[in-house]
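Single-structure report; data block below.
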Amino acid sequence: MGNRTIEPIIIEDPEDPRVAAYRDIRERDLTGRHGLFIAEGEVVVRGLASGASRCRPLSLLLAEKRVAALDDVIQALPADAPVYVTRQAVLDRIAGFELHRGILALGEKPAPPPLQDLLSDVAADDVFVVASGIGNHDNMGGLFRNAAAFGARAVLLDSTCCDPFYRKAIRVSVGAVLRTPFAVAESSEILNALTRGGVEVLALTPSAGERLADYRRKGPVAVVLGSEGPGLPQAVIARCRPIGIAMAGGFDSLNVAATSAVALHHLTTTALEPGNEKAAPRDGLRSTIAMEA
């Protein structure tokens, strides 16, 4: 086991209390319970154990056949994080379904940063993603994946959004939830903070008269995404610059995750208007666009 002094712990009984946190994970989720969550699959677990993760790995539960391939991950774990190993049949009984990937980890959420901390140093090239009422875990995971892929500075969630640390949201995000800074606050608080930070707020909505393709940002901007169906509340749209995506075939909107990808691609690949291009860029992007699925 390389430099680790703790040997793997063999689990023979699916009812072993040491793996209670992993039991029946399809029917329940640890999020909200002592700040814990379950990570699933090699890519996500590798991300959890990496230096880029904002979360702390607490333990691993592996099928015997996956141990050798994950030796480097095991070596990277904190010394006090146990590694539980079991047969595939026992792992399936613990998880409550056939877990073909054979890799699970228990993690601890990071302390959420205050909203003002994420907006205290806004740069001209920053882009923020803002989510309003996103309750679907697949969409939440897709939103975080796109935010990370296009270099968004942070994700800001209103209080009606689902927890991004649900197992399915983490899996769909390919681990982006574990390393992307985010904060949770009321919609009005988020919009107020963005405005104070000099971030332009755009609302992507089918009723907008201005097209996203024609928009050229002058500085930091933010994308506010609404839930599919009801979309963004009118009170939110009224405080933003409405923007629409031109479509054909009688459609007026996209899936919220697809919407975020289209908008982020445009915002992060379009140059700032002349006179703003010399503003100091950051690793992330900052700007506010309110979007409706």
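Residues are named by chain letter and number: chains run A, B, ... in the order of the structure tokens, numbers start at 1 in each chain, and ligands are numbered from 1 in the order shown.
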
DSSP strand (DSSP E or B) selection over region 121-224 of chain A, as a list of chain:residue names: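 Matching residues for strand (DSSP E or B) in region 121-224 of chain A are A:Val127, A:Phe128, A:Val129, A:Val130, A:Ala131, A:Ser132, A:Ala152, A:Ala154, A:Val155, A:Leu156, A:Leu157, A:Asp158, A:Phe182, A:Ala183, A:Val184, A:Ala185, A:Glu200, A:Val201, A:Leu202, A:Ala203, A:Leu204, A:Arg211, A:Val221, A:Ala222, A:Val223, A:Val224.
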
Selected residue of minimal separation from Gly197 (chain A) among A:Leu115, A:Val223, A:Ala248, A:Asp214, counting only C-alpha atoms: A:Leu115

Smallest atom-to-atom distance to Val224 (chain A): which of A:Ile134, A:Ala63, A:Ala124, A:Val174, using only C-alpha atoms? A:Ile134

Could you list, as a PyMOL selection string, every residue within 12 Å of Arg93 (chain A), counting only C-alpha atoms and ignoring same-chain residues fewer than 6 positions away? chain A and resi 11-16+19-20+22-26+63+86-87+99+102

For the selection just defined, write its residues with N, CA, C and O atoms to a file, as a CSV table (one decimal), in the first residue's frame.
```csv
chain,number,residue,atom,x,y,z
A,11,ILE,N,-14.2,-6.1,4.5
A,11,ILE,CA,-15.6,-6.1,4.9
A,11,ILE,C,-16.2,-7.4,4.4
A,11,ILE,O,-16.3,-7.6,3.1
A,12,GLU,N,-16.7,-8.3,5.2
A,12,GLU,CA,-17.4,-9.5,4.8
A,12,GLU,C,-18.9,-9.4,5.0
A,12,GLU,O,-19.6,-10.1,4.2
A,13,ASP,N,-19.4,-8.6,5.9
A,13,ASP,CA,-20.8,-8.5,6.2
A,13,ASP,C,-21.4,-7.2,5.7
A,13,ASP,O,-20.9,-6.1,6.2
A,14,PRO,N,-22.4,-7.2,4.9
A,14,PRO,CA,-22.9,-5.9,4.4
A,14,PRO,C,-23.6,-5.1,5.5
A,14,PRO,O,-23.8,-3.9,5.3
A,15,GLU,N,-23.8,-5.7,6.7
A,15,GLU,CA,-24.4,-5.0,7.8
A,15,GLU,C,-23.3,-4.5,8.8
A,15,GLU,O,-23.6,-3.9,9.8
A,16,ASP,N,-22.1,-4.6,8.4
A,16,ASP,CA,-21.0,-4.1,9.2
A,16,ASP,C,-21.2,-2.6,9.5
A,16,ASP,O,-21.3,-1.8,8.6
A,19,VAL,N,-19.4,0.5,7.7
A,19,VAL,CA,-19.8,0.9,6.3
A,19,VAL,C,-21.2,1.4,6.3
A,19,VAL,O,-21.8,1.4,5.2
A,20,ALA,N,-21.8,1.7,7.4
A,20,ALA,CA,-23.2,2.1,7.5
A,20,ALA,C,-23.5,3.3,6.6
A,20,ALA,O,-24.6,3.4,6.1
A,22,TYR,N,-22.5,4.0,3.8
A,22,TYR,CA,-22.6,3.6,2.4
A,22,TYR,C,-23.9,2.8,2.1
A,22,TYR,O,-24.1,2.4,0.9
A,23,ARG,N,-24.6,2.5,3.1
A,23,ARG,CA,-25.7,1.5,2.9
A,23,ARG,C,-26.9,2.1,2.2
A,23,ARG,O,-27.4,3.2,2.6
A,24,ASP,N,-27.5,1.4,1.2
A,24,ASP,CA,-28.7,1.8,0.6
A,24,ASP,C,-28.6,3.3,0.0
A,24,ASP,O,-29.6,4.1,0.2
A,25,ILE,N,-27.6,3.6,-0.7
A,25,ILE,CA,-27.4,5.0,-1.1
A,25,ILE,C,-28.3,5.4,-2.2
A,25,ILE,O,-28.4,6.6,-2.5
A,26,ARG,N,-29.0,4.5,-2.9
A,26,ARG,CA,-29.9,4.9,-3.9
A,26,ARG,C,-31.2,5.4,-3.3
A,26,ARG,O,-31.8,6.3,-3.8
A,63,ALA,N,-14.5,-2.3,-4.4
A,63,ALA,CA,-14.6,-3.8,-4.8
A,63,ALA,C,-13.1,-4.2,-4.9
A,63,ALA,O,-12.2,-3.5,-5.3
A,86,THR,N,-14.1,-5.0,-0.2
A,86,THR,CA,-15.0,-6.1,-0.1
A,86,THR,C,-15.2,-6.8,-1.5
A,86,THR,O,-14.8,-6.2,-2.5
A,87,ARG,N,-15.9,-7.9,-1.5
A,87,ARG,CA,-16.3,-8.6,-2.7
A,87,ARG,C,-17.4,-7.8,-3.4
A,87,ARG,O,-18.2,-7.1,-2.8
A,99,LEU,N,-23.5,-2.0,-8.3
A,99,LEU,CA,-22.6,-0.9,-8.5
A,99,LEU,C,-21.4,-1.3,-9.3
A,99,LEU,O,-20.3,-1.7,-8.8
A,102,GLY,N,-17.8,-0.1,-8.8
A,102,GLY,CA,-17.1,-0.7,-7.7
A,102,GLY,C,-16.3,0.3,-6.9
A,102,GLY,O,-15.3,-0.1,-6.2
```

When distances are computed from only C-alpha atoms, which of A:Cys55, A:Ala203, A:Ala185, A:Leu77 shows the smallest separation from Ile245 (chain A)? A:Ala203

In terms of the shortest atom-to-atom distance over only C-alpha atoms, which of A:Glu186, A:Asp121, A:Glu40, A:Asp92 is closest to Leu106 (chain A)?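 Of A:Glu186, A:Asp121, A:Glu40, A:Asp92, the one nearest Leu106 (chain A) is A:Glu40, counting only C-alpha atoms.
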
Skipping near chain neighbours, those fewer than 6 positions away, what residues fall within 10 Å of Ala149 (chain A) using only C-alpha atoms, listed as a PyMOL selection string? chain A and resi 143+176+261+264-265

Could you produce a table of the residues of region 17-113 of chain A lying within 7 Å of region 159-172 of chain A, with the nearest pair of atoms per residue and their separation in Å rounded to one decimal, using only C-alpha atoms, ordered by chain and increasing residue number, as a tab-separated table?
```
residue	atom	partner	partner_atom	distance
A:Asp29	CA	A:Tyr166	CA	6.5
A:Thr31	CA	A:Tyr166	CA	6.0
A:Phe37	CA	A:Phe165	CA	6.3
A:Ile38	CA	A:Arg167	CA	5.6
A:Ala39	CA	A:Arg167	CA	6.1
A:Glu40	CA	A:Arg171	CA	6.5
A:Val44	CA	A:Arg171	CA	6.7
```

Quick one: everything within 12 Å of Pro110 (chain A), counting only C-alpha atoms, minus sequence neighbours fewer than 6 positions away in the same chain. Send it as a ChimeraX atom specification. /A:34-37,48,53-57,165,177-183

Could you write out the selected residues, including N, CA and C atoms, as a PDB file, in the first residue's frame?
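This went into part16.pdb:
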```
ATOM      1  N   HIS A  34     -24.681  15.931   8.958  1.00  0.00           N
ATOM      2  CA  HIS A  34     -23.330  16.188   9.457  1.00  0.00           C
ATOM      3  C   HIS A  34     -22.385  16.631   8.352  1.00  0.00           C
ATOM      4  N   GLY A  35     -22.926  17.195   7.274  1.00  0.00           N
ATOM      5  CA  GLY A  35     -22.082  17.709   6.205  1.00  0.00           C
ATOM      6  C   GLY A  35     -21.370  16.650   5.400  1.00  0.00           C
ATOM      7  N   LEU A  36     -21.933  15.428   5.316  1.00  0.00           N
ATOM      8  CA  LEU A  36     -21.288  14.335   4.594  1.00  0.00           C
ATOM      9  C   LEU A  36     -21.958  14.101   3.245  1.00  0.00           C
ATOM     10  N   PHE A  37     -21.241  13.448   2.330  1.00  0.00           N
ATOM     11  CA  PHE A  37     -21.799  13.099   1.035  1.00  0.00           C
ATOM     12  C   PHE A  37     -21.097  11.858   0.500  1.00  0.00           C
ATOM     13  N   LEU A  48     -11.968  13.902  -5.695  1.00  0.00           N
ATOM     14  CA  LEU A  48     -12.108  14.122  -4.259  1.00  0.00           C
ATOM     15  C   LEU A  48     -10.765  14.018  -3.545  1.00  0.00           C
ATOM     16  N   SER A  53      -9.555  19.533  -4.881  1.00  0.00           N
ATOM     17  CA  SER A  53     -10.838  19.373  -4.190  1.00  0.00           C
ATOM     18  C   SER A  53     -10.945  20.318  -3.002  1.00  0.00           C
ATOM     19  N   ARG A  54     -12.124  20.881  -2.812  1.00  0.00           N
ATOM     20  CA  ARG A  54     -12.407  21.715  -1.644  1.00  0.00           C
ATOM     21  C   ARG A  54     -12.969  20.876  -0.509  1.00  0.00           C
ATOM     22  N   CYS A  55     -13.100  19.566  -0.724  1.00  0.00           N
ATOM     23  CA  CYS A  55     -13.728  18.663   0.231  1.00  0.00           C
ATOM     24  C   CYS A  55     -12.704  17.690   0.809  1.00  0.00           C
ATOM     25  N   ARG A  56     -13.018  17.147   1.965  1.00  0.00           N
ATOM     26  CA  ARG A  56     -12.109  16.223   2.646  1.00  0.00           C
ATOM     27  C   ARG A  56     -12.605  14.791   2.491  1.00  0.00           C
ATOM     28  N   PRO A  57     -11.782  13.881   1.926  1.00  0.00           N
ATOM     29  CA  PRO A  57     -12.168  12.470   1.862  1.00  0.00           C
ATOM     30  C   PRO A  57     -12.061  11.821   3.232  1.00  0.00           C
ATOM     31  N   PHE A 165     -24.560  18.657  -3.491  1.00  0.00           N
ATOM     32  CA  PHE A 165     -23.812  17.523  -2.975  1.00  0.00           C
ATOM     33  C   PHE A 165     -24.615  16.232  -2.943  1.00  0.00           C
ATOM     34  N   VAL A 177     -18.563  19.698  -8.758  1.00  0.00           N
ATOM     35  CA  VAL A 177     -19.149  20.217  -7.512  1.00  0.00           C
ATOM     36  C   VAL A 177     -18.102  20.251  -6.401  1.00  0.00           C
ATOM     37  N   LEU A 178     -17.168  19.316  -6.423  1.00  0.00           N
ATOM     38  CA  LEU A 178     -16.194  19.183  -5.341  1.00  0.00           C
ATOM     39  C   LEU A 178     -15.114  20.253  -5.365  1.00  0.00           C
ATOM     40  N   ARG A 179     -14.960  20.942  -6.507  1.00  0.00           N
ATOM     41  CA  ARG A 179     -13.867  21.913  -6.605  1.00  0.00           C
ATOM     42  C   ARG A 179     -14.310  23.309  -7.022  1.00  0.00           C
ATOM     43  N   THR A 180     -15.582  23.494  -7.341  1.00  0.00           N
ATOM     44  CA  THR A 180     -16.064  24.800  -7.788  1.00  0.00           C
ATOM     45  C   THR A 180     -16.584  25.617  -6.615  1.00  0.00           C
ATOM     46  N   PRO A 181     -16.055  26.820  -6.374  1.00  0.00           N
ATOM     47  CA  PRO A 181     -16.578  27.649  -5.284  1.00  0.00           C
ATOM     48  C   PRO A 181     -18.047  27.997  -5.530  1.00  0.00           C
ATOM     49  N   PHE A 182     -18.865  27.915  -4.489  1.00  0.00           N
ATOM     50  CA  PHE A 182     -20.249  28.335  -4.621  1.00  0.00           C
ATOM     51  C   PHE A 182     -20.760  28.838  -3.280  1.00  0.00           C
ATOM     52  N   ALA A 183     -21.805  29.641  -3.352  1.00  0.00           N
ATOM     53  CA  ALA A 183     -22.449  30.178  -2.154  1.00  0.00           C
ATOM     54  C   ALA A 183     -23.947  30.075  -2.331  1.00  0.00           C
TER      55      ALA A 183
END
```

Nearest residue to Ile103 (chain A) from the set A:Val45, A:Val221, A:Ala21, A:Ala69 (distances using only C-alpha atoms): A:Val45

Option closest in space to Pro113 (chain A), from A:Ala154, A:Ser227, A:Glu189, A:Ala235 [counting only C-alpha atoms]: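 Under the stated criterion, the closest residue is A:Ala154.
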
Please identify all polymer residues within 12 Å of Ala263 (chain A), counting only C-alpha atoms, omitting same-chain residues fewer than 5 positions from it, and present them as a ChimeraX atom specification. /A:127-129,143,146-147,150,152,202-205,211-216,221-225,243-246,254,256-258,268-270,287-293

Pull the helix (DSSP H, G or I) assignments for region 68-260 of chain A out of DSSP run on the backbone, and list those residues as a PyMOL selection string. chain A and resi 68-76+88-95+115-118+137-149+167-172+176-178+187-196+212-214+234-237+256-260

Could you jot down the CA of Glu7 (chain A) to CA of Ile74 (chain A) separation for me, Å, one decimal place?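 It comes out at 10.3 Å.
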
Expressed in Å to a single decimal, how great is the separation between CA of Pro114 (chain A) and CA of Val155 (chain A)?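 Atom-to-atom, CA of Pro114 (chain A) and CA of Val155 (chain A) are spaced 12.4 Å apart.
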